[in-house]
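Raw contents of upload_30.cif, mmCIF, C-alpha atoms:
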```cif
data_final
#
loop_
_atom_site.group_PDB
_atom_site.id
_atom_site.type_symbol
_atom_site.label_atom_id
_atom_site.label_comp_id
_atom_site.auth_asym_id
_atom_site.auth_seq_id
_atom_site.Cartn_x
_atom_site.Cartn_y
_atom_site.Cartn_z
ATOM 1 C CA MET A 1 -12.897 43.397 17.420
ATOM 2 C CA LYS A 2 -13.193 39.728 17.131
ATOM 3 C CA ILE A 3 -11.744 38.313 14.020
ATOM 4 C CA ARG A 4 -13.544 35.264 12.871
ATOM 5 C CA TYR A 5 -12.017 33.213 10.167
ATOM 6 C CA ARG A 6 -13.839 31.177 7.659
ATOM 7 C CA THR A 7 -12.790 27.703 8.154
ATOM 8 C CA LEU A 8 -11.022 25.144 6.171
ATOM 9 C CA LEU A 9 -11.295 21.749 7.673
ATOM 10 C CA LEU A 10 -8.054 20.882 9.335
ATOM 11 C CA THR A 11 -8.756 17.525 10.728
ATOM 12 C CA LEU A 12 -7.347 14.929 8.445
ATOM 13 C CA SER A 13 -8.152 11.613 9.880
ATOM 14 C CA LEU A 14 -7.567 8.439 8.038
ATOM 15 C CA MET A 15 -10.308 5.890 7.928
ATOM 16 C CA THR A 16 -8.250 2.872 7.147
ATOM 17 C CA LEU A 17 -5.884 2.745 10.019
ATOM 18 C CA SER A 18 -4.880 -0.455 11.607
ATOM 19 C CA ALA A 19 -5.845 -0.600 15.238
ATOM 20 C CA SER A 20 -2.271 -0.950 16.388
ATOM 21 C CA ALA A 21 -1.092 2.208 14.703
ATOM 22 C CA GLN A 22 -4.094 4.215 15.737
ATOM 23 C CA THR A 23 -3.520 6.555 18.657
ATOM 24 C CA PRO A 24 -6.549 8.731 19.181
ATOM 25 C CA PHE A 25 -6.082 12.182 20.593
ATOM 26 C CA PRO A 26 -6.535 11.816 24.345
ATOM 27 C CA VAL A 27 -8.291 15.079 25.154
ATOM 28 C CA THR A 28 -11.902 14.261 25.798
ATOM 29 C CA LEU A 29 -13.321 17.754 26.159
ATOM 30 C CA GLU A 30 -12.666 18.808 22.586
ATOM 31 C CA LYS A 31 -16.257 19.455 21.668
ATOM 32 C CA GLN A 32 -17.107 21.394 24.811
ATOM 33 C CA LEU A 33 -13.987 23.525 24.549
ATOM 34 C CA ALA A 34 -14.612 24.180 20.868
ATOM 35 C CA GLU A 35 -18.119 25.343 21.654
ATOM 36 C CA ARG A 36 -16.821 27.859 24.171
ATOM 37 C CA ALA A 37 -13.962 29.058 21.977
ATOM 38 C CA VAL A 38 -13.987 32.060 19.680
ATOM 39 C CA ASN A 39 -11.473 30.314 17.455
ATOM 40 C CA TYR A 40 -9.976 26.910 17.562
ATOM 41 C CA THR A 41 -7.516 24.939 15.523
ATOM 42 C CA GLU A 42 -7.368 21.214 15.202
ATOM 43 C CA VAL A 43 -4.696 19.259 13.456
ATOM 44 C CA SER A 44 -4.872 15.484 13.473
ATOM 45 C CA LEU A 45 -2.205 13.618 11.615
ATOM 46 C CA ASP A 46 -1.972 9.897 12.049
ATOM 47 C CA ARG A 47 0.875 7.721 10.876
ATOM 48 C CA LYS A 48 -0.397 7.201 7.349
ATOM 49 C CA MET A 49 -1.022 10.884 6.904
ATOM 50 C CA LEU A 50 2.439 11.697 8.200
ATOM 51 C CA GLU A 51 3.963 9.200 5.782
ATOM 52 C CA PHE A 52 1.938 10.677 2.952
ATOM 53 C CA ALA A 53 2.916 14.244 3.872
ATOM 54 C CA SER A 54 6.590 13.354 4.191
ATOM 55 C CA LYS A 55 6.640 12.390 0.503
ATOM 56 C CA PHE A 56 5.844 15.988 -0.313
ATOM 57 C CA MET A 57 8.236 17.539 2.170
ATOM 58 C CA ASP A 58 10.967 18.081 -0.359
ATOM 59 C CA LYS A 59 11.234 21.827 -0.224
ATOM 60 C CA GLU A 60 13.929 23.912 1.359
ATOM 61 C CA HIS A 61 13.788 23.773 5.180
ATOM 62 C CA ASP A 62 11.535 20.703 5.089
ATOM 63 C CA GLU A 63 14.339 18.324 5.951
ATOM 64 C CA ASP A 64 14.123 18.661 9.741
ATOM 65 C CA GLY A 65 10.374 18.352 9.720
ATOM 66 C CA ARG A 66 10.536 15.251 7.568
ATOM 67 C CA ARG A 67 13.124 13.667 9.820
ATOM 68 C CA ILE A 68 11.059 14.385 12.939
ATOM 69 C CA ILE A 69 7.819 12.952 11.632
ATOM 70 C CA GLN A 70 9.375 9.940 9.940
ATOM 71 C CA LYS A 71 9.010 7.594 12.894
ATOM 72 C CA LEU A 72 6.047 9.162 14.588
ATOM 73 C CA ASN A 73 2.693 7.441 14.899
ATOM 74 C CA GLY A 74 0.728 10.652 15.092
ATOM 75 C CA VAL A 75 0.717 14.353 15.810
ATOM 76 C CA TYR A 76 -2.403 15.897 17.272
ATOM 77 C CA VAL A 77 -2.713 19.572 18.049
ATOM 78 C CA ARG A 78 -5.573 21.575 19.516
ATOM 79 C CA THR A 79 -5.618 25.276 20.254
ATOM 80 C CA TYR A 80 -8.570 27.156 21.682
ATOM 81 C CA GLU A 81 -8.916 30.915 21.914
ATOM 82 C CA PHE A 82 -11.573 32.364 24.189
ATOM 83 C CA ASP A 83 -13.007 35.861 24.231
ATOM 84 C CA LYS A 84 -12.864 36.067 28.029
ATOM 85 C CA PRO A 85 -11.211 34.205 30.890
ATOM 86 C CA GLY A 86 -13.005 31.480 32.797
ATOM 87 C CA GLN A 87 -14.057 29.400 29.829
ATOM 88 C CA TYR A 88 -12.471 26.298 31.276
ATOM 89 C CA THR A 89 -12.036 25.126 34.829
ATOM 90 C CA ALA A 90 -9.303 23.532 36.884
ATOM 91 C CA ALA A 91 -11.456 20.393 36.896
ATOM 92 C CA ASP A 92 -11.468 20.360 33.063
ATOM 93 C CA LEU A 93 -7.688 20.410 33.037
ATOM 94 C CA GLU A 94 -7.500 17.799 35.760
ATOM 95 C CA ASN A 95 -9.749 15.509 33.707
ATOM 96 C CA ILE A 96 -7.336 15.789 30.832
ATOM 97 C CA ARG A 97 -4.269 15.283 33.017
ATOM 98 C CA ARG A 98 -5.772 12.205 34.627
ATOM 99 C CA GLN A 99 -5.323 10.310 31.353
ATOM 100 C CA PHE A 100 -1.581 10.702 31.720
ATOM 101 C CA GLN A 101 -1.364 9.659 35.315
ATOM 102 C CA THR A 102 -0.425 6.112 34.416
ATOM 103 C CA GLN A 103 2.779 4.144 34.847
ATOM 104 C CA GLU A 104 3.812 4.725 31.249
ATOM 105 C CA TRP A 105 3.639 8.486 31.466
ATOM 106 C CA THR A 106 5.983 10.671 33.467
ATOM 107 C CA SER A 107 5.360 14.264 34.351
ATOM 108 C CA MET A 108 8.376 16.279 33.219
ATOM 109 C CA VAL A 109 6.980 19.746 33.722
ATOM 110 C CA ARG A 110 4.285 20.668 36.174
ATOM 111 C CA GLN A 111 3.436 24.282 36.696
ATOM 112 C CA ARG A 112 0.373 25.346 38.601
ATOM 113 C CA SER A 113 -1.300 28.707 39.030
ATOM 114 C CA LYS A 114 -3.956 29.769 41.510
ATOM 115 C CA THR A 115 -6.742 29.915 38.952
ATOM 116 C CA ALA A 116 -5.431 27.127 36.702
ATOM 117 C CA GLU A 117 -5.303 29.709 33.943
ATOM 118 C CA GLY A 118 -1.537 29.638 33.793
ATOM 119 C CA ASP A 119 -0.911 25.943 34.210
ATOM 120 C CA SER A 120 1.599 24.060 32.138
ATOM 121 C CA ASP A 121 2.330 20.380 31.882
ATOM 122 C CA ILE A 122 4.641 18.246 29.855
ATOM 123 C CA TYR A 123 4.242 14.502 30.085
ATOM 124 C CA MET A 124 6.558 12.009 28.459
ATOM 125 C CA LYS A 125 5.799 8.420 27.686
ATOM 126 C CA LEU A 126 8.852 6.377 28.550
ATOM 127 C CA VAL A 127 9.235 2.831 27.294
ATOM 128 C CA ASN A 128 12.507 1.059 28.095
ATOM 129 C CA GLY A 129 14.145 4.390 28.753
ATOM 130 C CA GLU A 130 13.114 5.850 25.423
ATOM 131 C CA VAL A 131 10.611 8.596 24.840
ATOM 132 C CA GLN A 132 7.663 7.158 22.939
ATOM 133 C CA GLY A 133 5.239 10.011 23.286
ATOM 134 C CA MET A 134 4.746 13.506 24.573
ATOM 135 C CA PHE A 135 1.805 15.536 25.759
ATOM 136 C CA ILE A 136 1.981 19.277 26.291
ATOM 137 C CA LEU A 137 -0.693 21.317 27.997
ATOM 138 C CA SER A 138 -0.383 25.056 28.099
ATOM 139 C CA ALA A 139 -3.145 27.106 29.681
ATOM 140 C CA GLU A 140 -3.534 30.862 29.475
ATOM 141 C CA PRO A 141 -6.499 32.893 30.725
ATOM 142 C CA LYS A 142 -7.907 33.170 27.208
ATOM 143 C CA GLU A 143 -6.083 30.355 25.488
ATOM 144 C CA LEU A 144 -5.649 26.647 25.847
ATOM 145 C CA ASN A 145 -3.198 24.561 23.866
ATOM 146 C CA PHE A 146 -2.684 20.818 23.701
ATOM 147 C CA VAL A 147 -0.082 18.930 21.747
ATOM 148 C CA PHE A 148 0.025 15.169 21.665
ATOM 149 C CA ILE A 149 2.836 13.432 19.848
ATOM 150 C CA SER A 150 2.759 9.666 19.598
ATOM 151 C CA GLY A 151 5.866 7.728 18.702
ATOM 152 C CA PRO A 152 9.595 7.849 19.305
ATOM 153 C CA ILE A 153 10.950 11.332 19.924
ATOM 154 C CA ARG A 154 14.657 11.943 20.261
ATOM 155 C CA PRO A 155 16.086 14.837 22.281
ATOM 156 C CA GLU A 156 17.459 16.401 19.104
ATOM 157 C CA ASP A 157 13.964 16.304 17.627
ATOM 158 C CA LEU A 158 12.694 18.336 20.541
ATOM 159 C CA SER A 159 15.495 20.774 20.068
ATOM 160 C CA ASP A 160 14.629 21.070 16.375
ATOM 161 C CA ILE A 161 10.970 21.523 17.128
ATOM 162 C CA ARG A 162 11.784 24.247 19.648
ATOM 163 C CA GLY A 163 14.263 25.933 17.393
ATOM 164 C CA ASN A 164 13.600 25.539 13.709
ATOM 165 C CA PHE A 165 9.873 25.721 13.869
ATOM 166 C CA GLY A 166 9.797 28.422 16.480
ATOM 167 C CA ILE A 167 8.318 31.619 15.209
ATOM 168 C CA PRO A 168 6.973 34.524 17.231
ATOM 169 C CA GLN A 169 4.092 33.451 19.384
ATOM 170 C CA GLY A 170 0.677 34.068 17.952
ATOM 171 C CA ASN A 171 1.864 34.156 14.374
ATOM 172 C CA TYR A 172 1.729 30.457 13.765
ATOM 173 C CA VAL A 173 -1.726 30.724 12.309
ATOM 174 C CA LEU A 174 -0.695 32.867 9.391
ATOM 175 C CA LYS A 175 -2.180 30.423 6.956
ATOM 176 C CA ALA A 176 -4.589 29.503 9.593
ATOM 177 C CA GLU A 177 -7.136 26.967 9.098
ATOM 178 C CA LYS A 178 -9.117 28.097 12.036
ATOM 179 C CA LYS A 179 -12.574 27.313 13.151
ATOM 180 C CA SER A 180 -14.766 29.677 14.993
ATOM 181 C CA GLY A 181 -16.669 28.620 18.060
ATOM 182 C CA LYS A 182 -19.936 29.113 16.260
ATOM 183 C CA GLU A 183 -19.052 26.525 13.694
ATOM 184 C CA ALA A 184 -18.326 24.043 16.438
ATOM 185 C CA LYS A 185 -21.765 24.587 17.832
ATOM 186 C CA GLN A 186 -23.397 23.726 14.536
ATOM 187 C CA MET B 1 -60.589 -47.824 -52.530
ATOM 188 C CA THR B 2 -60.986 -46.822 -56.193
ATOM 189 C CA ASP B 3 -58.431 -47.031 -58.962
ATOM 190 C CA LEU B 4 -58.239 -43.279 -58.885
ATOM 191 C CA ASP B 5 -57.183 -43.398 -55.261
ATOM 192 C CA HIS B 6 -54.528 -45.999 -56.035
ATOM 193 C CA GLU B 7 -53.207 -43.949 -58.838
ATOM 194 C CA PHE B 8 -52.998 -40.830 -56.639
ATOM 195 C CA GLU B 9 -51.328 -42.733 -53.886
ATOM 196 C CA GLU B 10 -48.763 -44.123 -56.274
ATOM 197 C CA GLU B 11 -47.994 -40.677 -57.655
ATOM 198 C CA LEU B 12 -47.598 -39.350 -54.142
ATOM 199 C CA ARG B 13 -45.235 -42.162 -53.179
ATOM 200 C CA GLN B 14 -43.144 -41.590 -56.267
ATOM 201 C CA GLY B 15 -43.079 -37.878 -55.645
ATOM 202 C CA LEU B 16 -41.895 -38.206 -52.052
ATOM 203 C CA MET B 17 -39.319 -40.858 -52.736
ATOM 204 C CA LEU B 18 -35.745 -39.871 -51.699
ATOM 205 C CA ARG B 19 -33.556 -39.368 -54.702
ATOM 206 C CA ASN B 20 -29.893 -38.444 -54.926
ATOM 207 C CA ALA B 21 -29.074 -35.148 -56.521
ATOM 208 C CA PRO B 22 -27.612 -35.453 -59.979
ATOM 209 C CA ASP B 23 -23.824 -35.261 -60.258
ATOM 210 C CA GLY B 24 -22.438 -31.751 -60.284
ATOM 211 C CA PHE B 25 -25.579 -30.266 -58.774
ATOM 212 C CA THR B 26 -23.721 -28.606 -55.868
ATOM 213 C CA ASP B 27 -21.129 -27.071 -58.166
ATOM 214 C CA LYS B 28 -23.824 -25.753 -60.426
ATOM 215 C CA VAL B 29 -25.620 -24.091 -57.547
ATOM 216 C CA LEU B 30 -22.438 -22.550 -56.137
ATOM 217 C CA SER B 31 -21.349 -21.296 -59.528
ATOM 218 C CA ARG B 32 -24.562 -19.391 -59.883
ATOM 219 C CA ILE B 33 -24.023 -17.411 -56.707
ATOM 220 C CA PRO B 34 -22.520 -14.069 -57.711
ATOM 221 C CA GLU B 35 -19.062 -13.502 -56.311
ATOM 222 C CA HIS B 36 -19.829 -10.120 -54.802
ATOM 223 C CA LYS B 37 -22.555 -11.626 -52.680
ATOM 224 C CA GLN B 38 -20.149 -13.823 -50.795
ATOM 225 C CA ALA B 39 -19.588 -12.767 -47.157
ATOM 226 C CA GLN B 40 -16.699 -10.381 -46.676
ATOM 227 C CA PRO B 41 -15.117 -9.238 -43.380
ATOM 228 C CA ILE B 42 -16.025 -5.704 -42.308
ATOM 229 C CA ARG B 43 -12.939 -3.565 -42.549
ATOM 230 C CA TRP B 44 -12.382 -0.219 -40.748
ATOM 231 C CA PRO B 45 -10.131 2.134 -42.539
ATOM 232 C CA VAL B 46 -6.723 2.611 -40.880
ATOM 233 C CA TRP B 47 -7.379 6.251 -40.055
ATOM 234 C CA ARG B 48 -10.336 5.219 -37.920
ATOM 235 C CA TRP B 49 -8.225 2.819 -35.912
ATOM 236 C CA ALA B 50 -5.592 5.495 -35.504
ATOM 237 C CA THR B 51 -8.147 8.054 -34.324
ATOM 238 C CA ALA B 52 -9.615 5.614 -31.803
ATOM 239 C CA ALA B 53 -6.143 4.819 -30.497
ATOM 240 C CA VAL B 54 -5.251 8.502 -30.127
ATOM 241 C CA VAL B 55 -8.523 9.251 -28.324
ATOM 242 C CA ALA B 56 -8.018 6.292 -25.969
ATOM 243 C CA LEU B 57 -4.451 7.361 -25.246
ATOM 244 C CA ALA B 58 -5.536 10.942 -24.606
ATOM 245 C CA ILE B 59 -8.191 9.764 -22.153
ATOM 246 C CA LEU B 60 -5.700 7.536 -20.341
ATOM 247 C CA LEU B 61 -3.116 10.302 -20.128
ATOM 248 C CA GLY B 62 -5.730 12.805 -18.979
ATOM 249 C CA VAL B 63 -6.950 10.532 -16.212
ATOM 250 C CA GLY B 64 -3.373 9.847 -15.157
ATOM 251 C CA PHE B 65 -2.428 13.537 -15.041
ATOM 252 C CA GLU B 66 -5.567 14.467 -13.136
ATOM 253 C CA LYS B 67 -4.961 11.732 -10.584
ATOM 254 C CA GLU B 68 -1.394 12.903 -10.106
ATOM 255 C CA ARG B 69 -2.511 16.534 -9.809
ATOM 256 C CA GLN B 70 -5.060 15.684 -7.119
ATOM 257 C CA GLN B 71 -2.477 13.599 -5.294
ATOM 258 C CA ARG B 72 -0.050 16.517 -5.341
ATOM 259 C CA ILE B 73 -2.695 18.934 -4.011
ATOM 260 C CA ALA B 74 -3.569 16.530 -1.177
ATOM 261 C CA GLY B 75 0.128 16.042 -0.448
ATOM 262 C CA GLU B 76 0.794 19.769 -0.306
ATOM 263 C CA HIS B 77 -2.152 20.198 2.047
ATOM 264 C CA ALA B 78 -0.861 17.397 4.285
ATOM 265 C CA ARG B 79 2.611 18.978 4.245
ATOM 266 C CA GLU B 80 1.190 22.344 5.300
ATOM 267 C CA GLN B 81 -0.653 20.674 8.149
ATOM 268 C CA VAL B 82 2.481 18.937 9.343
ATOM 269 C CA LEU B 83 4.329 22.252 9.338
ATOM 270 C CA LEU B 84 1.441 23.961 11.114
ATOM 271 C CA ALA B 85 1.372 21.205 13.754
ATOM 272 C CA LEU B 86 5.121 21.530 14.274
ATOM 273 C CA ARG B 87 4.880 25.311 14.532
ATOM 274 C CA ILE B 88 2.115 25.070 17.123
ATOM 275 C CA THR B 89 4.155 22.468 19.001
ATOM 276 C CA SER B 90 7.134 24.774 18.872
ATOM 277 C CA SER B 91 5.217 27.808 20.085
ATOM 278 C CA THR B 92 3.513 25.769 22.846
ATOM 279 C CA LEU B 93 6.885 24.484 24.033
ATOM 280 C CA GLN B 94 8.238 28.013 23.959
ATOM 281 C CA ALA B 95 5.227 29.282 25.905
ATOM 282 C CA VAL B 96 5.736 26.621 28.572
ATOM 283 C CA ASN B 97 9.444 27.401 28.665
ATOM 284 C CA HIS B 98 8.715 31.110 28.995
ATOM 285 C CA LYS B 99 6.248 30.549 31.842
ATOM 286 C CA ILE B 100 8.731 28.376 33.731
ATOM 287 C CA ARG B 101 11.451 30.996 33.350
ATOM 288 C CA GLU B 102 9.088 33.759 34.458
ATOM 289 C CA ASP B 103 8.031 31.690 37.430
ATOM 290 C CA ARG B 104 11.638 31.032 38.422
ATOM 291 C CA SER B 105 12.695 34.643 38.072
ATOM 292 C CA SER B 106 9.713 35.853 40.118
ATOM 293 C CA LYS B 107 10.660 33.388 42.873
ATOM 294 C CA GLU B 108 14.241 34.579 42.799
ATOM 295 C CA VAL B 109 13.121 38.200 43.184
ATOM 296 C CA GLN B 110 11.040 37.351 46.237
ATOM 297 C CA PRO B 111 13.028 37.502 49.477
#
```
Will you turn the file into structure tokens for me?
Amino acid sequence: MKIRYRTLLLTLSLMTLSASAQTPFPVTLEKQLAERAVNYTEVSLDRKMLEFASKFMDKEHDEDGRRIIQKLNGVYVRTYEFDKPGQYTAADLENIRRQFQTQEWTSMVRQRSKTAEGDSDIYMKLVNGEVQGMFILSAEPKELNFVFISGPIRPEDLSDIRGNFGIPQGNYVLKAEKKSGKEAKQ
Amino acid sequence: MTDLDHEFEEELRQGLMLRNAPDGFTDKVLSRIPEHKQAQPIRWPVWRWATAAVVALAILLGVGFEKERQQRIAGEHAREQVLLALRITSSTLQAVNHKIREDRSSKEVQP
């Protein structure tokens, strides 16, 4: 049985961003993927929103999160859940990857499957030897996840993200602000 | 012109001639004005001023509290989104990690 959640709007985008700080989410197929998805989640947090949120991250266990986001320019997350495989193609993924095939970006992880429905990629943006951005693509037959982090990321931040915020897979949408594919079509 | 006309003209001239008011005329006029009719400043009783001040203060405080409340709600929402984004990032990283490990172990099993 398909569970369809009523949606709360997740995308918080700030209107008054200076052009320099603005780093739009690079995935260009958002709308098409959302239309094909049964459920999808979008989180867009630019620098100002992160700064604003960090003022309220004063609860227990918030410290690591606050430290991680402090210097970031933006965190953009997209997850798409499909009711059957084949809702995206290898060409779709290649289109997305192509945006990171520049001198600034380095492919750290590159895993390919026959059908592209098990591909994984991690790209890092390296500037003067420092990580200034990260893009993660994780494809499953019925799921597609993108994470784009803009700004300086330290190795210990990655470790914290992997550890402290790691909870059993699939449960991260407990308070989910999910959108159903139908809503995307509207 | 008849004598009657002259006489009328003379009376008219006399009547319109500018004369100084007799001494003390101004004082006499002023003294006749009743005291209570003199202009007095409108005074609000103190309790009215106090009430207006309290109402104004209450409005200001109310607006301030409401603004702070809305700010806190928006902040909490933003905080939840940050945590959600970090959780998704974490689970995506773990999924990638898991796939790589699976891939490696399957290659190791193969002869």
Selection dump of the PyMOL selection byres ((chain B) within 9 of (chain A)), as number ranges by chain: B: 72, 74-96, 99-100, 103
Any idea what's packed within 12 Å of Leu29 in chain A, counting all atoms listed in the file, ignoring anything in its chain fewer than 4 positions away? Could you give it as a short mmCIF file (atom, residue, chain, number, x, y, z; two decimals) with C-alpha atoms, keeping the file's coordinate frame?
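Output saved as selection_20.cif:
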```cif
data_model
loop_
_atom_site.label_atom_id
_atom_site.label_comp_id
_atom_site.auth_asym_id
_atom_site.auth_seq_id
_atom_site.Cartn_x
_atom_site.Cartn_y
_atom_site.Cartn_z
CA PHE A 25 -6.08 12.18 20.59
CA LEU A 33 -13.99 23.52 24.55
CA ALA A 34 -14.61 24.18 20.87
CA GLU A 35 -18.12 25.34 21.65
CA ARG A 36 -16.82 27.86 24.17
CA ARG A 78 -5.57 21.58 19.52
CA TYR A 80 -8.57 27.16 21.68
CA TYR A 88 -12.47 26.30 31.28
CA THR A 89 -12.04 25.13 34.83
CA ALA A 91 -11.46 20.39 36.90
CA ASP A 92 -11.47 20.36 33.06
CA LEU A 93 -7.69 20.41 33.04
CA GLU A 94 -7.50 17.80 35.76
CA ASN A 95 -9.75 15.51 33.71
CA ILE A 96 -7.34 15.79 30.83
CA ARG A 97 -4.27 15.28 33.02
CA LEU A 144 -5.65 26.65 25.85
CA PHE A 146 -2.68 20.82 23.70
#
```
Padding 6 Å on every side, please: axis-aligned box over the listed atoms of range 54-63 of chain B, centre and edge lengths to one decimal in Å, as JSON.
```
{"center_x": -5.8, "center_y": 9.5, "center_z": -23.2, "size_x": 17.4, "size_y": 18.5, "size_z": 25.9}
```
Enter the distance from CA of Leu61 in chain B to CA of Arg48 in chain B, in Å, rounded to one decimal. 19.9 Å
Please evaluate the PyMOL selection byres ((chain A and resi 124) around 6) against the structure above and give the resulting residues as a ChimeraX atom specification. /A:105-106,123,125,133-134
Enter the distance from CA of Lys48 in chain A to CA of Arg69 in chain B, in Å, rounded to one decimal. 19.6 Å
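Note that CA of Val131 in chain A and CA of Pro155 in chain A are 8.7 Å apart.
Take the candidates A:Pro152, A:Val127, A:Gln103, A:Gln87 and check each one against Thr115 in chain A using all atoms listed in the file; the shortest distance goes to A:Gln87.
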Could you write out as a ChimeraX atom specification the residues that the PyMOL selection byres ((chain A and resi 84) around 10) matches in the shown file? /A:36-38,81-83,85-87,141-143
